[in-house]
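Here's the structure we're looking at; comments come further down.
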Amino acid sequence: MAANLERKPAAGRIWHGLVAAVVLVFLLLPLLVTFLFSISTVWQDTVLPEGYTLDSYVRLFTDQRFLDALGRSFLVAVLTVALSLIVMVPTIFIVSLYVPSLEKWLQTVVLMPFALPGVVSAVGLIKLYSNPPFAISGTIWILIGAYFIIILPYVYQSTRNSLRAVNAAELMEAAEVLGAGKAAAFLCVILPNILPGVIVASLLSFSIVFGEFVLANMLVGGSYEVVQVYLYHMMGVDGHLSSATIVTFFAFVLILYVLVLKIGNRKPRTALPSEGGKEETA
Amino acid sequence: MAGRSPSQNQVKLLLLLPFFLWLFAFLLLPAIMMLISSFHNEGGQGFTLGQYVKGLTHPLYTTAIKNSVMLSLVSALVGIVVAAFAAYSFTTFPPKSRDRMLSVSNMMTNFAGVPLAFGFIVLFGTNGMLTLLFKQLGLSFLVFDLYSWKGLAWVYIYFQIPVGILLIYPSLYALKQEWRESASLLGAGTVQYWLRIGVPVLLPGLVGTFSVLFANAMGAYATAYALVTSNFNLLPIQIGGLVSGDVFPRVELGSALAIILFLILALALFINEKMLRLARRGLNDGR
């Protein structure tokens with residue numbers, strides 16, 4: 001009897017463990033073989049590589065074309081995220097505290113990118129920006145403009161949640177009662193408090209911009225080659241460099257994710273008791 | 001709320017201005033231009049429904065639409081089933097390992113597009129690792145052609161799974177442990193519990209996730225493009241080819257097809273929105 005009772009959960013355990021393991025292995029498999037490829041000498045008609053070397057990485061990090069692409073990707077990502085924060089954090093703050101009538105509308109607008117996959121939004125952008133007076137197609141500017149829209153949902157969500165979590169309305173009131181102007185209160189009180197959320201949004205946005213291919217290829221392509229476009233061109237030419245690029249990209253994503261988890265799990269610092277003042281929810 | 005002078009309001013509106021300008025320049029205006037362009041003739045002039053007629057009747061494009069819809073339906077369906085089982089299995093682990101599994105799965109949502117195409121070529125390409133392994137083990141029936149529809153379906157299913165897990169996982173919290181215990185006390189078996197309680201409770205969330213996965217596959221371009229450039233007749237591939245291909249660009253037709261794709265996506269996401277509302281209401285009633 002007792003044995004019977006114990007066996008049942010044990011069988012469930014094995015079953016769930018098996019499902020989780022199979023799915024996770026399936027998900028990790030393409031990345032693992034890509035890694036294996038990047039450290040292989042020759043791997044053509046054998047199940048496992050014939051030998052191992054770090055040569056691909058040496059070649060990759062001495063390839064000027066790759067380094068240039070990497071630099072461009074960083075520049076695009078840094079500029080996009082910085083501009084997005086400068087524009088969006090005050091916007092979200094003002095709308096959620098002072099113009100609640102716009103809140104619902106803003107929530108809908110920031111979700112628009114989900115209904116507009118890259119290939120669709122590229123059509124309008126090409127139409128508008130490949131001819132004068134705004135011929136910025138093929139430059140970094142059109143990428144920054146378009147990526148700003150793509151990362152909107154993530155920036156909005158993180159910033160909005162942080163403002164809620166630190167009870168921004170009460171913080172502002174307290175700061176103003178103590179004699180601070182609105183601008184000073186925002187810069188010295190609100191901003192430091194929502195910083196962890198803003199950093200999380202930045203890191204997520206960074207990884208999205210870094211991994212974006214469709215717009216980079218369709219709007220700019222070879223005239224401002226970023227890492228993903230470099231990877232696409234390399235794929236047919238040199239598998240070793242391609243795989244090393246992918247592993248490098250993924251190592252970078254991994255670092256961003258670890259940072260997001262570390263920062264995201266930290267409790268927001270707030271001196272105010274969070275009684276009562278639960279804000280209206282959408 | 002005291003002492004709000006008109007000048008302060010003006011400052012606030014001024015601070016909102018950059019956002020509106022950006023939205024106008026990179027979302028609204030391009031969308032309007034695309035819409036206008038879709039009603040132009042080949043020369044970019046006049047007013048015609050010809051592009052839509054061509055998009056919805058020419059065999060090349062009707063096949064593309066049909067292929068895309070089929071591939072999206074199949075990959076979303078298989079993806080959601082695998083994701084649901086995996087997500088539920090994750091919940092049975094202790095919190096620490098559960099969170100670690102979720103993080104791994106969430107991170108793999110980044111493995112899409114060009115890197116995914118590469119990974120699958122190394123695994124299942126003509127000289128791929130598993131292709132050779134299966135052949136050596138005498139399991140040739142497991143070998144499939146990556147550059148066929150079956151191969152493409154596998155790739156799509158792959159990238160649907162982590163997204164599905166990400167979306168389904170939160171809705172699993174709606175299932176309360178007590179229900180399971182009560183059901184089992186009343187004599188229900190596992191199958192009965194899932195059929196009568198588990199699945200109905202999760203249904204709105206599942207349908208919502210399904211529509212998001214469907215949209216996810218419908219709009220996907222990079223993976224298929226990187227895998228075989230233009231061998232697959234898919235709607236996004238056609239659009240990409242029409243507006244930025246090596247051949248003479250036909251932006252007007254591309255615009256019309258893009259609008260058609262957008263409308264299909266909007267419908268899928270509209271269903272998602274409705275389902276989420278239904279799920280929320282169901283949850284509130286339950287309390």
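Every chain in the structure tokens has a letter given in the order shown (A, B, ...), and although residue numbers restart at 1 in each chain, ligands are simply numbered from 1 in the order shown.
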
Kindly provide the residues of chain B that approach chain A to within 7 Å, each paired with its closest atom pair and their distance in Å to one decimal, based on only C-alpha atoms, listed by chain and increasing number, as JSON lines.
```
{"residue": "B:Lys12", "atom": "CA", "partner": "A:Ile94", "partner_atom": "CA", "distance": 6.9}
{"residue": "B:Leu15", "atom": "CA", "partner": "A:Thr91", "partner_atom": "CA", "distance": 6.8}
{"residue": "B:Leu16", "atom": "CA", "partner": "A:Thr91", "partner_atom": "CA", "distance": 5.4}
{"residue": "B:Pro18", "atom": "CA", "partner": "A:Val87", "partner_atom": "CA", "distance": 6.5}
{"residue": "B:Phe19", "atom": "CA", "partner": "A:Val87", "partner_atom": "CA", "distance": 6.1}
{"residue": "B:Phe26", "atom": "CA", "partner": "A:Ala146", "partner_atom": "CA", "distance": 6.0}
{"residue": "B:Pro30", "atom": "CA", "partner": "A:Gly124", "partner_atom": "CA", "distance": 4.2}
{"residue": "B:Ala31", "atom": "CA", "partner": "A:Gly124", "partner_atom": "CA", "distance": 5.5}
{"residue": "B:Met33", "atom": "CA", "partner": "A:Gly124", "partner_atom": "CA", "distance": 6.0}
{"residue": "B:Met34", "atom": "CA", "partner": "A:Gly124", "partner_atom": "CA", "distance": 4.7}
{"residue": "B:Ala86", "atom": "CA", "partner": "A:Ala20", "partner_atom": "CA", "distance": 5.5}
{"residue": "B:Ser89", "atom": "CA", "partner": "A:His16", "partner_atom": "CA", "distance": 4.8}
{"residue": "B:Phe90", "atom": "CA", "partner": "A:Ala20", "partner_atom": "CA", "distance": 6.4}
{"residue": "B:Met108", "atom": "CA", "partner": "A:Leu27", "partner_atom": "CA", "distance": 6.8}
{"residue": "B:Val114", "atom": "CA", "partner": "A:Tyr232", "partner_atom": "CA", "distance": 6.4}
{"residue": "B:Pro115", "atom": "CA", "partner": "A:Ile246", "partner_atom": "CA", "distance": 6.0}
{"residue": "B:Gly119", "atom": "CA", "partner": "A:Pro30", "partner_atom": "CA", "distance": 4.5}
{"residue": "B:Phe120", "atom": "CA", "partner": "A:Pro30", "partner_atom": "CA", "distance": 6.1}
{"residue": "B:Val122", "atom": "CA", "partner": "A:Val33", "partner_atom": "CA", "distance": 6.8}
{"residue": "B:Leu123", "atom": "CA", "partner": "A:Pro30", "partner_atom": "CA", "distance": 6.7}
{"residue": "B:Asn127", "atom": "CA", "partner": "A:Asp45", "partner_atom": "CA", "distance": 5.9}
{"residue": "B:Met129", "atom": "CA", "partner": "A:Val47", "partner_atom": "CA", "distance": 5.1}
{"residue": "B:Leu132", "atom": "CA", "partner": "A:Val47", "partner_atom": "CA", "distance": 5.8}
{"residue": "B:Leu133", "atom": "CA", "partner": "A:Val47", "partner_atom": "CA", "distance": 5.7}
{"residue": "B:Gly219", "atom": "CA", "partner": "A:Pro117", "partner_atom": "CA", "distance": 5.3}
{"residue": "B:Tyr221", "atom": "CA", "partner": "A:Val119", "partner_atom": "CA", "distance": 6.9}
{"residue": "B:Ala222", "atom": "CA", "partner": "A:Val214", "partner_atom": "CA", "distance": 5.9}
{"residue": "B:Ala226", "atom": "CA", "partner": "A:Tyr232", "partner_atom": "CA", "distance": 6.9}
{"residue": "B:Pro236", "atom": "CA", "partner": "A:Val119", "partner_atom": "CA", "distance": 6.3}
{"residue": "B:Gly240", "atom": "CA", "partner": "A:Val119", "partner_atom": "CA", "distance": 6.4}
{"residue": "B:Val243", "atom": "CA", "partner": "A:Val123", "partner_atom": "CA", "distance": 6.6}
{"residue": "B:Ser244", "atom": "CA", "partner": "A:Met218", "partner_atom": "CA", "distance": 6.3}
{"residue": "B:Ser255", "atom": "CA", "partner": "A:Val123", "partner_atom": "CA", "distance": 6.3}
{"residue": "B:Ala258", "atom": "CA", "partner": "A:Val120", "partner_atom": "CA", "distance": 5.3}
{"residue": "B:Phe262", "atom": "CA", "partner": "A:Leu116", "partner_atom": "CA", "distance": 6.7}
{"residue": "B:Leu265", "atom": "CA", "partner": "A:Ala115", "partner_atom": "CA", "distance": 6.0}
{"residue": "B:Ala266", "atom": "CA", "partner": "A:Ala115", "partner_atom": "CA", "distance": 6.1}
```

What's around range 191-200 of chain B at 10 Å? Count only C-alpha atoms, leave out sequence neighbours fewer than 2 positions away in its own chain, and write the answer as a compact mmCIF listing (two decimals) with N, CA and C atoms, in the first residue's frame.
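Everything below was put into around.txt:
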```
# COMPACT_ATOMS: atom_id res chain seq x y z
N LEU B 172 -0.53 29.01 -16.57
CA LEU B 172 -0.61 27.77 -15.80
C LEU B 172 -0.87 28.05 -14.32
N ALA B 174 -3.14 29.75 -13.23
CA ALA B 174 -4.58 29.75 -13.01
C ALA B 174 -5.07 28.41 -12.47
N LEU B 175 -4.29 27.36 -12.69
CA LEU B 175 -4.67 26.03 -12.20
C LEU B 175 -4.32 25.92 -10.72
N LYS B 176 -5.33 25.67 -9.92
CA LYS B 176 -5.04 25.58 -8.49
C LYS B 176 -4.88 24.13 -8.08
N TRP B 179 -7.96 22.13 -6.87
CA TRP B 179 -8.91 21.58 -7.84
C TRP B 179 -8.54 20.15 -8.16
N ARG B 180 -7.25 19.95 -8.34
CA ARG B 180 -6.76 18.63 -8.68
C ARG B 180 -7.08 17.66 -7.55
N GLU B 181 -6.83 18.14 -6.31
CA GLU B 181 -7.10 17.28 -5.15
C GLU B 181 -8.59 16.98 -5.02
N SER B 182 -9.41 18.05 -5.19
CA SER B 182 -10.86 17.83 -5.07
C SER B 182 -11.32 16.85 -6.14
N ALA B 183 -10.85 17.05 -7.35
CA ALA B 183 -11.25 16.19 -8.46
C ALA B 183 -10.87 14.74 -8.15
N SER B 184 -9.68 14.56 -7.61
CA SER B 184 -9.21 13.21 -7.35
C SER B 184 -9.99 12.60 -6.18
N GLY B 187 -13.07 11.19 -7.31
CA GLY B 187 -12.91 9.99 -8.12
C GLY B 187 -12.49 10.22 -9.55
N ALA B 188 -12.07 11.46 -9.90
CA ALA B 188 -11.66 11.70 -11.28
C ALA B 188 -10.22 11.26 -11.50
N GLY B 189 -9.96 10.63 -12.61
CA GLY B 189 -8.59 10.25 -12.95
C GLY B 189 -7.88 11.42 -13.58
N LEU B 202 -7.63 26.47 -19.06
CA LEU B 202 -6.50 27.02 -19.82
C LEU B 202 -6.89 27.48 -21.22
N LEU B 203 -8.08 27.07 -21.67
CA LEU B 203 -8.43 27.24 -23.08
C LEU B 203 -8.24 28.67 -23.62
N PRO B 204 -8.78 29.69 -22.93
CA PRO B 204 -8.58 31.04 -23.49
C PRO B 204 -7.11 31.38 -23.66
N GLY B 205 -6.31 31.04 -22.66
CA GLY B 205 -4.87 31.31 -22.75
C GLY B 205 -4.24 30.55 -23.90
N LEU B 206 -4.67 29.30 -24.09
CA LEU B 206 -4.12 28.50 -25.17
C LEU B 206 -4.48 29.06 -26.53
```

Requested in this report: Excluding Ala84 in chain B and residues on its chain fewer than 4 positions from it, collect all residues at most 8 Å away from it, counting only C-alpha atoms, and give them as a list in words.
Outcome: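 Residues meeting the cut-off are Ile80, Tyr88, Gly164, Ile165, Ile168 and Tyr169 of chain B.
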
Restrict the selected residues to N, CA, C and O atoms and save them as a PDB file, in the first residue's frame.
```
ATOM      1  N   ILE B  80       2.437  24.710 -29.948  1.00  0.00           N
ATOM      2  CA  ILE B  80       1.686  24.976 -28.722  1.00  0.00           C
ATOM      3  C   ILE B  80       1.530  23.694 -27.900  1.00  0.00           C
ATOM      4  O   ILE B  80       1.583  23.721 -26.672  1.00  0.00           O
ATOM      5  N   TYR B  88       4.203  22.767 -18.513  1.00  0.00           N
ATOM      6  CA  TYR B  88       3.610  22.106 -17.357  1.00  0.00           C
ATOM      7  C   TYR B  88       4.646  21.258 -16.634  1.00  0.00           C
ATOM      8  O   TYR B  88       4.697  21.230 -15.398  1.00  0.00           O
ATOM      9  N   GLY B 164       6.189  29.823 -27.272  1.00  0.00           N
ATOM     10  CA  GLY B 164       4.987  29.220 -26.685  1.00  0.00           C
ATOM     11  C   GLY B 164       5.139  29.023 -25.186  1.00  0.00           C
ATOM     12  O   GLY B 164       4.228  29.350 -24.412  1.00  0.00           O
ATOM     13  N   ILE B 165       6.289  28.498 -24.760  1.00  0.00           N
ATOM     14  CA  ILE B 165       6.521  28.282 -23.328  1.00  0.00           C
ATOM     15  C   ILE B 165       6.446  29.609 -22.580  1.00  0.00           C
ATOM     16  O   ILE B 165       5.784  29.728 -21.543  1.00  0.00           O
ATOM     17  N   ILE B 168       2.690  30.573 -22.432  1.00  0.00           N
ATOM     18  CA  ILE B 168       1.758  29.692 -21.722  1.00  0.00           C
ATOM     19  C   ILE B 168       2.057  29.659 -20.227  1.00  0.00           C
ATOM     20  O   ILE B 168       1.155  29.602 -19.397  1.00  0.00           O
ATOM     21  N   TYR B 169       3.351  29.713 -19.887  1.00  0.00           N
ATOM     22  CA  TYR B 169       3.749  29.511 -18.501  1.00  0.00           C
ATOM     23  C   TYR B 169       2.929  30.326 -17.488  1.00  0.00           C
ATOM     24  O   TYR B 169       2.425  29.760 -16.516  1.00  0.00           O
TER      25      TYR B 169
END
```

Query raised in the report: Where in range 24-266 of chain B does DSSP assign alpha helix (DSSP H), given as a ChimeraX atom specification?
Result: /B:29-38,50-57,59-91,95-107,113-124,129-136,149-171,177-185,190-193,199-219,222-228,235-244,251-266

Report task. Calculate how many Å separate CA of Leu227 in chain B from CA of Ala244 in chain A, rounding to one decimal. Result -> 18.3 Å

Query raised in the report: Could you state the separation of CA of Phe210 in chain B and CA of Ala76 in chain B in Å, given to one decimal place?
Result: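 Computing it gives 6.0 Å between the two atoms.
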
Query - Distance query range 60-76 of chain A at most 6 Å, only C-alpha atoms, self and fewer than 4 positions along chain excluded, as a list in words - result: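 Surrounding residues, per the criterion: Ser56, Thr80, Glu225, Val226, Val227 and Leu241 of chain A.
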
Selection from above, N, CA, C and O atoms, as a PDB file, in the first residue's frame, can you write it?
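Heads up, here's the output in result_1.pdb:
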```pdb
ATOM      1  N   SER A  56      39.078  29.480 -35.665  1.00  0.00           N
ATOM      2  CA  SER A  56      37.984  30.301 -36.201  1.00  0.00           C
ATOM      3  C   SER A  56      37.868  31.623 -35.454  1.00  0.00           C
ATOM      4  O   SER A  56      37.644  32.667 -36.057  1.00  0.00           O
ATOM      5  N   THR A  80      20.243  53.816 -30.508  1.00  0.00           N
ATOM      6  CA  THR A  80      18.804  53.563 -30.461  1.00  0.00           C
ATOM      7  C   THR A  80      18.309  53.535 -29.022  1.00  0.00           C
ATOM      8  O   THR A  80      17.327  54.189 -28.668  1.00  0.00           O
ATOM      9  N   GLU A 225      26.897  47.564 -43.164  1.00  0.00           N
ATOM     10  CA  GLU A 225      26.772  46.161 -42.799  1.00  0.00           C
ATOM     11  C   GLU A 225      26.880  45.947 -41.282  1.00  0.00           C
ATOM     12  O   GLU A 225      27.929  46.200 -40.698  1.00  0.00           O
ATOM     13  N   VAL A 226      25.793  45.469 -40.671  1.00  0.00           N
ATOM     14  CA  VAL A 226      25.833  45.138 -39.244  1.00  0.00           C
ATOM     15  C   VAL A 226      26.112  43.635 -39.092  1.00  0.00           C
ATOM     16  O   VAL A 226      26.163  42.910 -40.086  1.00  0.00           O
ATOM     17  N   VAL A 227      26.267  43.183 -37.851  1.00  0.00           N
ATOM     18  CA  VAL A 227      26.714  41.807 -37.618  1.00  0.00           C
ATOM     19  C   VAL A 227      25.811  40.761 -38.270  1.00  0.00           C
ATOM     20  O   VAL A 227      26.289  39.813 -38.889  1.00  0.00           O
ATOM     21  N   LEU A 241      33.734  30.835 -39.852  1.00  0.00           N
ATOM     22  CA  LEU A 241      33.547  32.215 -39.401  1.00  0.00           C
ATOM     23  C   LEU A 241      32.098  32.462 -38.998  1.00  0.00           C
ATOM     24  O   LEU A 241      31.826  33.142 -38.006  1.00  0.00           O
TER      25      LEU A 241
END
```

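Proximity to Leu152 in chain B was assessed for B:Ile32, B:Val228, B:Leu167, B:Ile264 counting only C-alpha atoms; the smallest distance is recorded for B:Val228.
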
Report summary line: Between CA of Met218 in chain B and CA of Ser72 in chain B lies a distance of 5.7 Å

Query raised in the report: Near Leu166 in chain B, within 9 Å and counting only C-alpha atoms, which residues show up once chain neighbours fewer than 4 positions away are dropped, as a list in words?
Result: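 After dropping sequence-adjacent residues, the list is Ala83, Ala87, Leu102, Ser105, Asn106, Thr109, Ile161, Pro162 and Pro170 of chain B.
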
Store the residues picked out above in a file with all heavy atoms, as a JSON list (two decimals), in the first residue's frame.
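out-v9.json written:
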```json
[["chain", "number", "residue", "atom", "x", "y", "z"],
["B", 83, "ALA", "N", 4.90, 23.08, -26.32],
["B", 83, "ALA", "CA", 5.14, 24.12, -25.33],
["B", 83, "ALA", "C", 4.29, 23.90, -24.08],
["B", 83, "ALA", "O", 4.76, 24.08, -22.96],
["B", 83, "ALA", "CB", 4.88, 25.50, -25.93],
["B", 87, "ALA", "N", 5.97, 23.37, -20.59],
["B", 87, "ALA", "CA", 5.74, 24.37, -19.54],
["B", 87, "ALA", "C", 5.15, 23.72, -18.30],
["B", 87, "ALA", "O", 5.54, 24.02, -17.17],
["B", 87, "ALA", "CB", 4.82, 25.47, -20.06],
["B", 102, "LEU", "N", 13.28, 27.77, -17.26],
["B", 102, "LEU", "CA", 12.56, 28.84, -17.94],
["B", 102, "LEU", "C", 13.54, 29.84, -18.57],
["B", 102, "LEU", "O", 13.34, 30.28, -19.70],
["B", 102, "LEU", "CB", 11.67, 29.59, -16.95],
["B", 102, "LEU", "CG", 10.22, 29.14, -16.88],
["B", 102, "LEU", "CD1", 9.48, 30.02, -15.89],
["B", 102, "LEU", "CD2", 9.57, 29.24, -18.24],
["B", 105, "SER", "N", 14.98, 28.39, -21.69],
["B", 105, "SER", "CA", 13.98, 28.41, -22.76],
["B", 105, "SER", "C", 13.75, 29.83, -23.28],
["B", 105, "SER", "O", 13.70, 30.06, -24.48],
["B", 105, "SER", "CB", 12.69, 27.80, -22.24],
["B", 105, "SER", "OG", 11.62, 28.15, -23.04],
["B", 106, "ASN", "N", 13.63, 30.80, -22.35],
["B", 106, "ASN", "CA", 13.42, 32.18, -22.77],
["B", 106, "ASN", "C", 14.58, 32.70, -23.60],
["B", 106, "ASN", "O", 14.39, 33.43, -24.57],
["B", 106, "ASN", "CB", 13.24, 33.09, -21.55],
["B", 106, "ASN", "CG", 11.91, 32.87, -20.87],
["B", 106, "ASN", "OD1", 11.06, 32.13, -21.39],
["B", 106, "ASN", "ND2", 11.72, 33.48, -19.72],
["B", 109, "THR", "N", 14.63, 32.00, -27.30],
["B", 109, "THR", "CA", 13.80, 32.77, -28.23],
["B", 109, "THR", "C", 14.70, 33.66, -29.10],
["B", 109, "THR", "O", 14.28, 34.08, -30.17],
["B", 109, "THR", "CB", 12.79, 33.67, -27.50],
["B", 109, "THR", "OG1", 13.49, 34.51, -26.59],
["B", 109, "THR", "CG2", 11.76, 32.86, -26.76],
["B", 161, "ILE", "N", 8.45, 26.89, -30.19],
["B", 161, "ILE", "CA", 8.39, 26.26, -28.87],
["B", 161, "ILE", "C", 8.79, 27.21, -27.72],
["B", 161, "ILE", "O", 8.00, 27.39, -26.79],
["B", 161, "ILE", "CB", 9.21, 24.95, -28.85],
["B", 161, "ILE", "CG1", 8.52, 23.92, -29.74],
["B", 161, "ILE", "CG2", 9.33, 24.41, -27.43],
["B", 161, "ILE", "CD1", 9.32, 22.65, -29.93],
["B", 162, "PRO", "N", 9.97, 27.85, -27.78],
["B", 162, "PRO", "CA", 10.31, 28.72, -26.64],
["B", 162, "PRO", "C", 9.35, 29.90, -26.50],
["B", 162, "PRO", "O", 9.05, 30.30, -25.37],
["B", 162, "PRO", "CB", 11.73, 29.20, -26.95],
["B", 162, "PRO", "CG", 11.98, 28.89, -28.37],
["B", 162, "PRO", "CD", 11.08, 27.77, -28.75],
["B", 170, "PRO", "N", 2.77, 31.65, -17.71],
["B", 170, "PRO", "CA", 2.01, 32.42, -16.71],
["B", 170, "PRO", "C", 0.57, 31.93, -16.54],
["B", 170, "PRO", "O", 0.04, 31.94, -15.43],
["B", 170, "PRO", "CB", 2.02, 33.84, -17.27],
["B", 170, "PRO", "CG", 3.14, 33.88, -18.22],
["B", 170, "PRO", "CD", 3.27, 32.51, -18.78]]
```
